[in-house]
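S.K.: If it helps, the file is called structure20.txt and holds compact mmCIF, C-alpha atoms and all ligand atoms:
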```txt
# COMPACT_ATOMS: atom_id res chain seq x y z
CA MET A 120 4.25 19.41 -14.78
CA SER A 121 5.87 22.72 -14.19
CA SER A 122 8.35 23.30 -16.99
CA CYS A 123 7.61 23.93 -20.68
CA LYS A 124 9.79 20.93 -21.47
CA GLU A 125 7.62 18.64 -19.35
CA LYS A 126 4.45 20.01 -20.92
CA ASP A 127 5.89 19.34 -24.39
CA MET A 128 6.83 15.81 -23.31
CA ALA A 129 3.32 15.21 -21.98
CA ARG A 130 1.81 16.47 -25.25
CA ASP A 131 4.07 14.12 -27.24
CA ILE A 132 3.12 11.13 -25.10
CA LEU A 133 -0.59 11.91 -25.41
CA ARG A 134 -0.19 12.24 -29.18
CA ASP A 135 1.51 8.80 -29.26
CA ILE A 136 -1.28 7.30 -27.11
CA LYS A 137 -3.92 8.62 -29.52
CA LYS A 138 -1.89 7.45 -32.54
CA LEU A 139 -2.15 3.86 -31.28
CA GLY A 140 -5.84 4.08 -32.23
CA ILE A 141 -7.07 1.73 -29.50
CA LYS A 142 -10.86 1.91 -29.54
CA LYS A 143 -11.91 -0.70 -26.95
CA GLU A 144 -12.13 0.13 -23.28
CA VAL A 145 -8.82 -0.49 -21.48
CA ARG A 146 -8.71 -0.61 -17.69
CA ILE A 147 -5.29 0.07 -16.20
CA MET A 148 -4.84 -0.33 -12.46
CA GLU A 149 -2.36 1.87 -10.62
CA VAL A 150 -1.56 -0.40 -7.70
CA CYS A 151 0.18 2.16 -5.55
CA GLY A 152 -1.44 5.00 -3.60
CA THR A 153 1.39 7.38 -4.49
CA HIS A 154 0.54 6.92 -8.17
CA THR A 155 -3.11 7.58 -7.32
CA GLN A 156 -2.00 10.92 -5.90
CA THR A 157 0.06 11.82 -8.98
CA ILE A 158 -2.82 10.89 -11.30
CA ALA A 159 -5.28 13.04 -9.35
CA ARG A 160 -2.93 15.94 -8.78
CA TYR A 161 -2.12 16.35 -12.47
CA GLY A 162 -5.60 15.49 -13.74
CA ILE A 163 -4.20 12.62 -15.81
CA LYS A 164 -7.58 10.84 -16.05
CA ASN A 165 -9.04 13.91 -17.73
CA ILE A 166 -6.44 14.19 -20.47
CA LEU A 167 -6.49 10.55 -21.56
CA PRO A 168 -8.84 9.29 -24.30
CA GLU A 169 -12.21 8.38 -22.78
CA ASN A 170 -11.80 4.66 -23.36
CA ILE A 171 -8.59 4.51 -21.28
CA LYS A 172 -9.70 4.08 -17.68
CA LEU A 173 -7.36 4.35 -14.70
CA ILE A 174 -8.51 2.52 -11.61
CA SER A 175 -7.01 2.62 -8.14
CA GLY A 176 -5.77 -0.57 -6.51
CA PRO A 177 -5.01 -1.88 -3.01
CA GLY A 178 -1.58 -0.26 -2.67
CA CYS A 179 -2.29 2.09 0.21
CA PRO A 180 -0.83 0.27 3.22
CA VAL A 181 -2.96 2.09 5.77
CA CYS A 182 -6.19 1.29 3.90
CA VAL A 183 -5.58 -2.46 3.97
CA THR A 184 -4.32 -2.73 7.56
CA PRO A 185 -6.93 -4.80 9.43
CA ALA A 186 -9.05 -3.17 12.12
CA SER A 187 -8.15 -6.17 14.31
CA HIS A 188 -4.50 -4.98 14.34
CA VAL A 189 -5.60 -1.49 15.40
CA ASP A 190 -7.82 -3.04 18.11
CA LEU A 191 -4.86 -5.04 19.36
CA ALA A 192 -2.64 -1.94 19.50
CA ILE A 193 -5.37 -0.09 21.43
CA LYS A 194 -5.75 -2.96 23.89
CA LEU A 195 -2.01 -2.98 24.55
CA ALA A 196 -1.91 0.80 25.06
CA GLU A 197 -4.93 0.87 27.36
CA GLU A 198 -4.66 -2.37 29.32
CA GLU A 199 -0.99 -3.36 29.32
CA ASP A 200 0.47 0.15 29.65
CA VAL A 201 2.63 -0.48 26.61
CA ILE A 202 3.71 2.41 24.38
CA ILE A 203 2.42 1.97 20.85
CA THR A 204 4.39 3.60 18.06
CA THR A 205 2.92 4.22 14.65
CA TYR A 206 3.52 6.22 11.49
CA GLY A 207 1.47 9.40 11.36
CA ASP A 208 -0.75 8.28 8.52
CA ALA A 209 -2.06 5.31 10.54
CA TYR A 210 -2.83 7.39 13.64
CA LYS A 211 -6.44 8.04 12.68
CA LEU A 212 -7.07 4.60 11.15
CA PRO A 213 -10.36 3.34 12.61
CA GLY A 214 -10.37 0.11 14.59
CA SER A 215 -13.67 -1.56 15.50
CA GLU A 216 -14.70 1.20 17.87
CA LYS A 217 -12.01 3.87 17.72
CA SER A 218 -8.59 4.82 16.38
CA LEU A 219 -5.22 5.19 18.10
CA ALA A 220 -5.78 8.96 17.93
CA GLU A 221 -8.69 8.51 20.35
CA VAL A 222 -6.79 6.49 22.93
CA GLY A 223 -5.35 9.47 24.77
CA LYS A 224 -2.30 7.74 26.30
CA ASN A 225 0.66 5.57 25.39
CA VAL A 226 0.57 6.32 21.64
CA LYS A 227 3.46 7.99 19.86
CA ILE A 228 3.84 8.97 16.22
CA VAL A 229 7.24 8.19 14.71
CA TYR A 230 8.89 8.84 11.35
CA SER A 231 11.01 5.70 11.34
CA VAL A 232 11.49 2.52 13.32
CA ASP A 233 15.01 3.71 14.29
CA GLU A 234 13.31 6.39 16.32
CA VAL A 235 11.48 3.67 18.26
CA ILE A 236 14.76 1.91 18.99
CA GLU A 237 16.18 5.14 20.40
CA MET A 238 13.15 5.38 22.70
CA CYS A 239 13.60 1.76 23.77
CA ARG A 240 17.20 2.46 24.73
CA ALA A 241 16.33 5.68 26.54
CA GLN A 242 13.44 4.18 28.55
CA ARG A 243 14.42 0.64 29.46
CA ASP A 244 11.63 0.42 32.05
CA LYS A 245 8.96 0.88 29.35
CA GLU A 246 7.79 -1.59 26.70
CA PHE A 247 7.33 -0.41 23.12
CA VAL A 248 5.25 -2.05 20.40
CA HIS A 249 5.51 -0.80 16.83
CA LEU A 250 2.49 -1.16 14.55
CA SER A 251 4.49 -2.41 11.59
CA ILE A 252 2.47 -1.61 8.50
CA GLY A 253 3.53 -1.17 4.90
CA PHE A 254 4.64 -3.22 1.93
CA GLU A 255 8.03 -4.44 0.74
CA THR A 256 9.27 -0.87 1.16
CA THR A 257 9.08 -0.72 4.95
CA ALA A 258 9.71 -4.38 5.78
CA PRO A 259 13.52 -4.20 5.15
CA ALA A 260 13.85 -1.38 7.70
CA ILE A 261 12.08 -3.48 10.34
CA ALA A 262 14.19 -6.50 9.43
CA SER A 263 17.37 -4.46 9.64
CA VAL A 264 16.46 -3.17 13.12
CA LEU A 265 15.74 -6.66 14.44
CA LEU A 266 18.98 -8.02 13.00
CA LYS A 267 20.99 -5.13 14.47
CA ASN A 268 19.37 -5.18 17.92
CA PRO A 269 18.83 -8.80 18.90
CA GLU A 270 19.38 -7.93 22.57
CA LEU A 271 16.50 -5.45 22.86
CA GLU A 272 14.09 -6.69 25.47
CA ASN A 273 11.51 -3.93 25.50
CA PHE A 274 10.65 -3.87 21.79
CA SER A 275 8.20 -5.87 19.68
CA ILE A 276 6.02 -5.37 16.62
CA ILE A 277 2.48 -6.06 15.48
CA PRO A 278 3.46 -7.66 12.16
CA SER A 279 1.19 -6.19 9.52
CA ASN A 280 3.50 -5.87 6.52
CA LYS A 281 2.12 -7.10 3.22
CA LEU A 282 3.36 -8.16 -0.19
CA ILE A 283 2.07 -6.57 -3.38
CA PRO A 284 2.44 -9.19 -6.18
CA PRO A 285 0.21 -11.83 -4.44
CA ALA A 286 -2.51 -9.17 -4.09
CA MET A 287 -2.27 -8.36 -7.80
CA GLN A 288 -2.66 -12.04 -8.65
CA TYR A 289 -5.58 -12.32 -6.27
CA LEU A 290 -7.40 -9.49 -8.03
CA ILE A 291 -6.94 -11.10 -11.43
CA LYS A 292 -8.08 -14.52 -10.18
CA ASN A 293 -11.14 -12.93 -8.61
CA ASP A 294 -12.39 -11.44 -11.83
CA CYS A 295 -11.45 -7.83 -11.29
CA LYS A 296 -11.44 -6.42 -14.80
CA ILE A 297 -7.87 -5.23 -15.29
CA ASP A 298 -6.05 -5.05 -18.63
CA GLY A 299 -2.67 -3.90 -17.32
CA PHE A 300 -0.86 -2.74 -14.23
CA ILE A 301 1.13 0.36 -13.37
CA CYS A 302 3.40 -1.33 -10.82
CA PRO A 303 4.65 0.48 -7.73
CA GLY A 304 8.05 2.15 -8.02
CA HIS A 305 9.21 2.04 -4.41
CA VAL A 306 8.14 -1.58 -3.82
CA SER A 307 9.84 -2.57 -7.08
CA ALA A 308 13.08 -0.88 -6.04
CA ILE A 309 13.25 -3.66 -3.42
CA ILE A 310 11.70 -6.66 -5.18
CA GLY A 311 12.77 -5.86 -8.75
CA ALA A 312 10.80 -6.90 -11.83
CA LYS A 313 10.88 -10.69 -11.53
CA PRO A 314 7.89 -11.10 -9.14
CA TYR A 315 5.61 -9.58 -11.81
CA GLU A 316 6.74 -12.00 -14.56
CA ARG A 317 4.02 -14.53 -13.69
CA ILE A 318 1.34 -11.82 -13.85
CA ALA A 319 2.53 -10.82 -17.31
CA LYS A 320 3.19 -14.30 -18.70
CA VAL A 321 0.55 -16.53 -17.12
CA TYR A 322 -2.27 -14.00 -16.76
CA GLU A 323 -1.26 -11.96 -19.81
CA LYS A 324 -1.45 -8.59 -18.10
CA PRO A 325 1.16 -6.03 -19.18
CA CYS A 326 3.08 -4.68 -16.20
CA VAL A 327 5.10 -1.46 -16.21
CA ILE A 328 7.05 -0.32 -13.16
CA SER A 329 6.57 3.41 -12.99
CA GLY A 330 8.14 6.43 -11.34
CA PHE A 331 6.01 9.01 -9.58
CA GLU A 332 6.24 12.12 -11.75
CA ALA A 333 3.33 12.86 -14.07
CA ILE A 334 5.58 12.19 -17.06
CA ASP A 335 6.56 8.79 -15.60
CA VAL A 336 2.92 7.80 -15.24
CA LEU A 337 2.02 8.98 -18.74
CA LYS A 338 5.00 7.12 -20.23
CA SER A 339 4.00 3.97 -18.31
CA ILE A 340 0.45 4.20 -19.66
CA LEU A 341 1.85 4.51 -23.19
CA MET A 342 4.10 1.47 -22.60
CA ILE A 343 1.14 -0.62 -21.38
CA LEU A 344 -1.02 0.48 -24.31
CA ASN A 345 1.80 -0.34 -26.72
CA GLN A 346 1.89 -3.88 -25.35
CA ILE A 347 -1.89 -4.20 -25.62
CA LYS A 348 -1.86 -2.86 -29.19
CA ASN A 349 0.83 -5.37 -30.17
CA ASN A 350 -0.83 -8.20 -28.30
CA ILE A 351 2.14 -8.84 -26.04
CA SER A 352 2.43 -9.00 -22.31
CA LYS A 353 5.67 -8.49 -20.44
CA VAL A 354 7.23 -6.63 -17.53
CA GLU A 355 8.90 -3.35 -18.40
CA ILE A 356 10.67 -0.81 -16.22
CA GLU A 357 9.91 2.83 -16.88
CA TYR A 358 11.46 3.90 -13.54
CA LYS A 359 14.97 2.93 -14.60
CA ARG A 360 16.59 5.69 -12.58
CA LEU A 361 15.70 3.79 -9.40
CA VAL A 362 14.57 0.25 -10.20
CA LYS A 363 16.83 -2.57 -11.37
CA TYR A 364 15.50 -5.85 -12.74
CA GLU A 365 16.99 -7.73 -9.78
CA GLY A 366 15.83 -5.15 -7.19
CA ASN A 367 17.77 -4.56 -4.00
CA LYS A 368 19.40 -7.85 -3.09
CA ILE A 369 20.70 -6.73 0.29
CA ALA A 370 17.30 -5.47 1.44
CA ARG A 371 15.63 -8.68 0.26
CA GLU A 372 18.16 -10.85 2.07
CA LYS A 373 17.49 -8.98 5.30
CA MET A 374 13.75 -9.44 4.84
CA ASP A 375 14.23 -13.15 4.14
CA LYS A 376 16.33 -13.63 7.27
CA VAL A 377 13.67 -12.13 9.52
CA PHE A 378 10.32 -12.81 7.82
CA LYS A 379 8.63 -15.54 5.87
CA ALA A 380 5.60 -15.24 3.63
CA SER A 381 2.29 -16.12 5.22
CA ASN A 382 -1.40 -15.77 4.48
CA ALA A 383 -2.65 -12.34 5.43
CA TYR A 384 -5.92 -10.51 5.91
CA TRP A 385 -6.31 -7.37 3.78
CA ARG A 386 -8.97 -5.02 5.06
CA GLY A 387 -11.74 -4.70 2.51
CA ILE A 388 -10.53 -7.71 0.54
CA GLY A 389 -10.12 -10.68 2.89
CA ASN A 390 -7.47 -13.38 3.18
CA ILE A 391 -4.88 -13.46 0.43
CA PRO A 392 -2.55 -16.47 0.31
CA SER A 393 1.16 -15.77 0.89
CA SER A 394 0.61 -12.01 0.92
CA GLY A 395 1.83 -11.22 4.43
CA LEU A 396 5.07 -11.43 6.38
CA LYS A 397 5.36 -13.27 9.64
CA LEU A 398 8.39 -13.38 11.88
CA ARG A 399 10.61 -16.43 11.63
CA ASN A 400 10.94 -18.58 14.77
CA ARG A 401 14.29 -16.99 15.65
CA PHE A 402 12.54 -13.62 15.96
CA LYS A 403 9.32 -14.79 17.61
CA ARG A 404 10.05 -12.89 20.80
CA PHE A 405 9.56 -9.66 18.84
CA ASP A 406 6.03 -10.73 17.90
CA ALA A 407 3.73 -8.64 20.12
CA PRO A 408 0.61 -10.87 19.97
CA LYS A 409 2.74 -13.83 21.13
CA ARG A 410 4.71 -11.86 23.68
CA TYR A 411 1.56 -10.52 25.35
CA LYS A 412 -0.40 -13.73 24.69
CA ILE A 413 -3.21 -11.85 22.99
CA LYS A 414 -5.18 -13.41 20.15
CA LEU A 415 -6.34 -11.27 17.26
CA LYS A 416 -10.11 -11.04 17.52
CA ASP A 417 -12.64 -10.63 14.73
CA ALA A 418 -13.16 -6.93 14.18
CA LYS A 419 -15.55 -4.60 12.42
CA GLU A 420 -13.33 -4.24 9.37
CA ILE A 421 -15.69 -2.28 7.12
CA LYS A 422 -18.46 -0.29 8.77
CA PRO A 423 -21.99 -0.02 7.37
CA GLY A 424 -22.27 2.29 4.39
CA CYS A 425 -18.51 2.39 3.66
CA LEU A 426 -17.63 1.31 0.10
CA CYS A 427 -13.91 0.72 0.76
CA SER A 428 -14.09 -2.99 -0.05
CA LYS A 429 -15.20 -2.09 -3.57
CA ILE A 430 -12.93 0.93 -3.95
CA ILE A 431 -9.79 -1.00 -2.94
CA VAL A 432 -10.27 -3.47 -5.80
CA GLY A 433 -11.21 -0.84 -8.37
CA ASN A 434 -14.92 -1.66 -8.49
CA ALA A 435 -16.26 1.65 -7.19
CA LEU A 436 -15.26 5.30 -7.01
CA PRO A 437 -15.07 7.31 -3.77
CA THR A 438 -17.72 9.68 -5.09
CA GLN A 439 -20.17 6.77 -5.25
CA CYS A 440 -20.08 6.46 -1.46
CA LYS A 441 -22.96 8.31 0.21
CA LEU A 442 -20.73 9.20 3.16
CA PHE A 443 -18.01 10.84 1.03
CA ARG A 444 -17.39 14.48 2.05
CA LYS A 445 -20.28 14.22 4.56
CA GLU A 446 -19.85 11.83 7.49
CA CYS A 447 -16.42 10.85 6.12
CA THR A 448 -13.61 13.39 5.64
CA PRO A 449 -9.82 13.34 6.24
CA TYR A 450 -10.48 15.27 9.47
CA LYS A 451 -12.83 12.58 10.73
CA PRO A 452 -12.37 9.46 8.61
CA TYR A 453 -15.17 6.92 8.86
CA GLY A 454 -13.58 4.34 6.55
CA PRO A 455 -9.95 3.28 5.97
CA CYS A 456 -9.57 4.77 2.46
CA MET A 457 -10.06 8.29 3.84
CA VAL A 458 -7.24 8.14 6.40
CA SER A 459 -3.92 8.24 4.59
CA VAL A 460 -2.91 10.72 1.90
CA GLU A 461 -2.48 7.63 -0.30
CA GLY A 462 -6.04 6.38 0.24
CA ALA A 463 -8.32 6.68 -2.79
CA CYS A 464 -11.04 8.56 -0.85
CA ASN A 465 -8.55 10.94 0.73
CA VAL A 466 -7.02 11.64 -2.69
CA ALA A 467 -10.49 12.21 -4.19
CA PHE A 468 -11.37 14.55 -1.31
CA ARG A 469 -8.27 16.69 -1.86
CA TYR A 470 -8.13 16.75 -5.65
CA GLY A 471 -11.77 16.20 -6.62
S1 LIG B 1 -15.80 7.94 1.72
FE1 LIG B 1 -15.27 7.06 3.70
S2 LIG B 1 -16.93 5.69 4.18
FE2 LIG B 1 -17.02 6.12 1.98
S3 LIG B 1 -15.83 4.52 1.02
FE3 LIG B 1 -14.47 6.20 1.37
S4 LIG B 1 -13.55 5.74 3.36
FE4 LIG B 1 -15.35 4.43 3.19
```
Using structure tokens, write down the structure from this file.
Ligand code: SF4

M.R.:
Amino acid sequence: MSSCKEKDMARDILRDIKKLGIKKEVRIMEVCGTHTQTIARYGIKNILPENIKLISGPGCPVCVTPASHVDLAIKLAEEEDVIITTYGDAYKLPGSEKSLAEVGKNVKIVYSVDEVIEMCRAQRDKEFVHLSIGFETTAPAIASVLLKNPELENFSIIPSNKLIPPAMQYLIKNDCKIDGFICPGHVSAIIGAKPYERIAKVYEKPCVISGFEAIDVLKSILMILNQIKNNISKVEIEYKRLVKYEGNKIAREKMDKVFKASNAYWRGIGNIPSSGLKLRNRFKRFDAPKRYKIKLKDAKEIKPGCLCSKIIVGNALPTQCKLFRKECTPYKPYGPCMVSVEGACNVAFRYG
């Protein structure tokens, strides 16, 4: 909050939150790691009434990417002489024994999947495998590339994209104490508001799709608390400047052409039904595990002493982990939540 106007707006929202007079404890989960950053950066937890608790959720894509997928990427880089491409924030993600950063050959950091396609075209004698992580935000880009380049013979992906609403439902069904959700803005720009309707109507959890400025988050908290005060539960969009109720139809159609929903393993949580994306039969040749006939093996997903499986579902704080700031830092992450700037432990390390 830099301008006087924003500070005045924040003061007004806080006054309205206090005016609601809610006395019971309310636990609001921010699902997305970018919201976790905003909340920490602007000290939002500290300015809310004490009974309003913000808890971080599983919406950091790097944190929930299974170690088995990292192990597979490492195996391909080391044994098959394949070039693995990955986004920078997954570079240090620990596998069972090591991360891609420790491989030393055949690993390249990219900013977008289009960059990988350029490499594929420039080096036809090399094979490239993209570690495809992320939520509904990154899946359309992968889908678009596969639709546009059906002829590419030296490109495949390790499909590790995940879907957010099934994970939210899973948390509720598994007794995570959550009274409302701050829903992710970027994911919702693609999927729209409809996929959260069931969470609001059936499970009676208010859902507000929020932007990423501090004022957006504060407004979203007020909107959730308003619903709780009035005993209603619905999906609202605070981030109207980017998110439409119907989402982005074109992006969704591309995703649907290329992927179908499947059960998926979330690191620190376990299997969540229909929460992953697998390639449709037409695109099977882009599926790296099938192409190289390698089976995903059981991996050391969470190492001893790491509390990520509790942190990811909002049942523990990074500061409760004995390794926090000691054996585990962003420079040498021991657990998955310390790797990406969106991970709860990384955020806690940087902002305290
Ligand atoms: S501080 Fe490191 S080891 Fe501890 S929970 Fe966080 S990521 Fe896991």

S.K.: Please enclose the listed atoms of ligand LIG 1 (chain B) in an axis-aligned box, pad each side by 6 Å, and write out the centre and the three edge lengths in Å, rounded to one decimal, as JSON.

M.R.:
```
{"center_x": -15.3, "center_y": 6.2, "center_z": 2.6, "size_x": 15.5, "size_y": 15.5, "size_z": 15.2}
```

S.K.: Which polymer residues have any atom within 12 Å of an atom of A:Glu372, counting only C-alpha atoms, with same-chain residues fewer than 2 positions away left out, as a ChimeraX atom specification?

M.R.: /A:258-260,262-263,266,309-310,366-370,374-379

S.K.: Between A:Lys412, A:Lys324, A:His154, A:Arg386, which is the closest to ligand LIG 1 (chain B) once you count only C-alpha atoms and all ligand atoms?

M.R.: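 Closest to ligand LIG 1 (chain B) of all the choices is A:Arg386.
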
S.K.: Hey, which residues come within 10 Å of ligand LIG 1 (chain B) if we count all atoms listed in the file? Could you give them as a ChimeraX atom specification?

M.R.: /A:182,387,421-431,435-449,451-458,462-465,467-468

S.K.: For the atom pair atom CA of A:Gln346 and atom CA of A:Glu461, what is the interatomic distance in Å to one decimal place?

M.R.: 27.9 Å

S.K.: Might you pull out every residue within 9 Å of stretch 349-351 of chain A, with all atoms listed in the file counted and same-chain residues fewer than 5 positions away left off, and present them as a ChimeraX atom specification?

M.R.: /A:319,323-325,344

S.K.: For atom CA of A:Asp244 and atom CA of A:Arg404, quote the distance in Å rounded to one decimal.

M.R.: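 Straight-line distance from atom CA of A:Asp244 to atom CA of A:Arg404 works out to 17.5 Å.
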
S.K.: Let me make sure I understand: among A:Gln288, A:Val181, A:Lys126, A:Leu191, which one has the smallest atom-to-atom distance to A:Ile413 if we use only C-alpha atoms?

M.R.: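 Smallest separation from A:Ile413 among the options: A:Leu191.
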
S.K.: I need the residue nearest A:Gly299 from this list: A:Ile340, A:Leu167, A:Val466, A:Ile283. Use all atoms listed in the file for the distance.

M.R.: A:Ile340

S.K.: Neighbouring residues of stretch 220-235 of chain A were defined as those with any atom within 8 Å, considering all atoms listed in the file; residues of the same chain fewer than 3 positions away were excluded. Please report them as number ranges by chain.

M.R.: A: 193, 196-197, 200-207, 210-211, 217, 238-239, 247, 249, 260-261, 264

S.K.: Mind checking which residues fall within 9 Å of A:Gly304, counting all atoms listed in the file, ignoring those fewer than 5 positions away in the same chain, and posting them as number ranges by chain?

M.R.: A: 151, 154, 328-331, 358, 361-362

S.K.: Please rebuild stretch 157-168 of chain A with N, CA and C atoms and give the result as a short mmCIF file (atom, residue, chain, number, x, y, z; two decimals), in the coordinates of the input.

M.R.:
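The new file rebuild.cif reads:
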```cif
data_model
loop_
_atom_site.label_atom_id
_atom_site.label_comp_id
_atom_site.auth_asym_id
_atom_site.auth_seq_id
_atom_site.Cartn_x
_atom_site.Cartn_y
_atom_site.Cartn_z
N THR A 157 -0.48 11.14 -7.80
CA THR A 157 0.06 11.82 -8.98
C THR A 157 -1.03 11.97 -10.05
N ILE A 158 -1.78 10.89 -10.26
CA ILE A 158 -2.82 10.89 -11.30
C ILE A 158 -3.87 11.96 -11.00
N ALA A 159 -4.25 12.05 -9.72
CA ALA A 159 -5.28 13.04 -9.35
C ALA A 159 -4.72 14.46 -9.39
N ARG A 160 -3.53 14.62 -8.88
CA ARG A 160 -2.93 15.94 -8.78
C ARG A 160 -2.74 16.60 -10.14
N TYR A 161 -2.36 15.79 -11.14
CA TYR A 161 -2.12 16.35 -12.47
C TYR A 161 -3.29 16.14 -13.43
N GLY A 162 -4.40 15.65 -12.90
CA GLY A 162 -5.60 15.49 -13.74
C GLY A 162 -5.38 14.54 -14.90
N ILE A 163 -4.57 13.50 -14.69
CA ILE A 163 -4.20 12.62 -15.81
C ILE A 163 -5.42 11.89 -16.39
N LYS A 164 -6.38 11.53 -15.53
CA LYS A 164 -7.58 10.84 -16.05
C LYS A 164 -8.29 11.71 -17.09
N ASN A 165 -8.28 13.01 -16.86
CA ASN A 165 -9.04 13.91 -17.73
C ASN A 165 -8.40 14.13 -19.10
N ILE A 166 -7.09 13.90 -19.18
CA ILE A 166 -6.44 14.19 -20.47
C ILE A 166 -6.27 12.95 -21.34
N LEU A 167 -6.59 11.78 -20.77
CA LEU A 167 -6.49 10.55 -21.56
C LEU A 167 -7.73 10.37 -22.43
N PRO A 168 -7.62 9.61 -23.53
CA PRO A 168 -8.84 9.29 -24.30
C PRO A 168 -9.86 8.63 -23.39
#
```
